[in-house]
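Since the structure comes first, as structure tokens, the remarks are kept for the end.
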Amino acid sequence: MSATTGLVIGEDGLARPAWAAADPLLQHYYDSEWGMPVRDEAGLFERISLEAFQAGLSWATVLRKREAFREVFADFDPDTVARYTQADVSRLLDDARIIRNAAKIQATITNAQATIDLRADGGLPDLIWSFQPAETPRPCTFADIPTSSPESAALATALKARGFRFVGPTSAYALMEAIGMVDTHLIGSHRRGASGIWE
């Protein structure tokens, strides 16, 4: 790894941040998805849900369980998840393929209901993307990347006001990075500017 940039050159000759070079699953996620624009309701609901489950854990842990999450949460269809009952919560708590945390499971159901409620006022995509900053950071090294921003704090506050749970400034910023609202690909990374939003 370059001490000055935080990038690792892979066997394919491409530069990635150290976190994306640490695991083949993370590398694939970084190369094909992370930082690409997501503007559909189900896609955003999925990412909010996964960010909540990630709290206190590694992102690699969440990615390894992602397909199971998609199965048990009906491909993150808010209309289906919003109808989950306590019996569904109990069923999910017995499913070792996912992260079994009662508060996070219940938050996913609550957030599905909040997502549906938002449809009457523009919808989840409009709300989230309204907090896109006018400029994106231009990080040179990993140390330059913030963990939150005024926009992520405002987004978290707005989501909480709409009934969402397990959303804070840090998880909101991670969401903004993941869905391409901010471009924190390190300078020199082969993915820098790949979203097409900023460059």
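Following the order of the structure tokens, chains are lettered A, B, ..., residues in each are numbered from 1, and ligands are numbered from 1.
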
Which region 55-148 of chain A residues have any atom within 12 Å of an atom of region 169-193 of chain A, and for each, what is the nearest pair of atoms with distance in Å to one decimal, counting only C-alpha atoms, rows sorted by chain and number, as CSV?
residue,atom,partner,partner_atom,distance
A:Ala55,CA,A:Ser171,CA,7.9
A:Gly56,CA,A:Ser171,CA,10.9
A:Trp59,CA,A:Ala174,CA,10.7
A:Pro125,CA,A:Ile179,CA,10.8
A:Ile128,CA,A:Met176,CA,8.6
A:Trp129,CA,A:Met181,CA,7.3
A:Ser130,CA,A:Met181,CA,9.9
A:Phe131,CA,A:Met181,CA,8.5
A:Gln132,CA,A:Met181,CA,5.6
A:Pro133,CA,A:Val182,CA,7.5
A:Ala134,CA,A:Val182,CA,9.6
A:Glu135,CA,A:Val182,CA,8.0
A:Thr136,CA,A:Val182,CA,5.1
A:Pro137,CA,A:Thr184,CA,6.3
A:Arg138,CA,A:Thr184,CA,6.7
A:Pro139,CA,A:Leu186,CA,5.6
A:Cys140,CA,A:Ile187,CA,5.4
A:Thr141,CA,A:Leu186,CA,6.3
A:Phe142,CA,A:Leu186,CA,7.2
A:Ala143,CA,A:Leu186,CA,10.3
A:Asp144,CA,A:Leu186,CA,9.2
A:Ile145,CA,A:Thr184,CA,6.7
A:Pro146,CA,A:Tyr173,CA,8.5
A:Thr147,CA,A:Thr170,CA,5.6
A:Ser148,CA,A:Thr170,CA,5.0

Those of region 2-187 of chain A in DSSP strand (DSSP E or B), formatted as a PyMOL selection string
chain A and resi 7-9+15-17

Please produce a file of the residues just selected, as a tab-separated table (two decimals), in the first residue's frame, where the atoms kept are N, CA and C atoms.
chain	number	residue	atom	x	y	z
A	7	LEU	N	-3.68	3.79	-1.40
A	7	LEU	CA	-4.10	2.89	-2.46
A	7	LEU	C	-3.24	1.64	-2.51
A	8	VAL	N	-3.86	0.57	-2.98
A	8	VAL	CA	-3.17	-0.70	-3.19
A	8	VAL	C	-3.30	-1.05	-4.67
A	9	ILE	N	-2.21	-1.43	-5.29
A	9	ILE	CA	-2.24	-1.88	-6.68
A	9	ILE	C	-2.50	-3.38	-6.69
A	15	ALA	N	-5.62	0.35	-9.18
A	15	ALA	CA	-5.45	0.92	-7.85
A	15	ALA	C	-6.79	1.02	-7.14
A	16	ARG	N	-6.80	0.54	-5.89
A	16	ARG	CA	-8.00	0.59	-5.05
A	16	ARG	C	-7.60	0.98	-3.64
A	17	PRO	N	-8.54	1.52	-2.85
A	17	PRO	CA	-8.22	1.77	-1.44
A	17	PRO	C	-8.00	0.44	-0.72

Skip region 94-110 of chain A itself and residues of its chain fewer than 2 positions away, then list as an NGL selection string all residues within 9 Å of it, counting only C-alpha atoms.
:A and (45 or 48-49 or 52-54 or 61-62 or 65-66 or 68-69 or 72-73 or 78 or 81-86 or 89-92 or 112-115 or 163-166)

Give me, please, the distance in Å between CA of Asp88 (chain A) and CA of Phe76 (chain A), quoted to one decimal.
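Distance between the two atoms: 14.4 Å.
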
What is the distance, in Å and to one decimal place, between CA of Ala158 (chain A) and CA of Met36 (chain A)?
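CA of Met36 (chain A) lies 22.9 Å from CA of Ala158 (chain A).
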
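Distance check against Ala161 (chain A) using only C-alpha atoms: of A:Leu26, A:Val38, A:Ala60, A:Leu118, the minimum falls on A:Leu118.
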
DSSP says helix (DSSP H, G or I) for which residues of region 35-193 of chain A? Put them as a ChimeraX atom specification?
/A:41-54,59-64,66-72,74-76,78-81,86-93,102-121,124-129,142-144,150-161,169-178

Between CA of Ala156 (chain A) and CA of Gly168 (chain A), measure the distance and give it in Å to one decimal.
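If I compute the distance from CA of Ala156 (chain A) to CA of Gly168 (chain A), I get 5.0 Å.
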
Under the rule that only C-alpha atoms are counted, which of A:Asp12, A:Asp40, A:Asp121, A:Asp23 is the nearest residue to Arg64 (chain A)?
A:Asp23
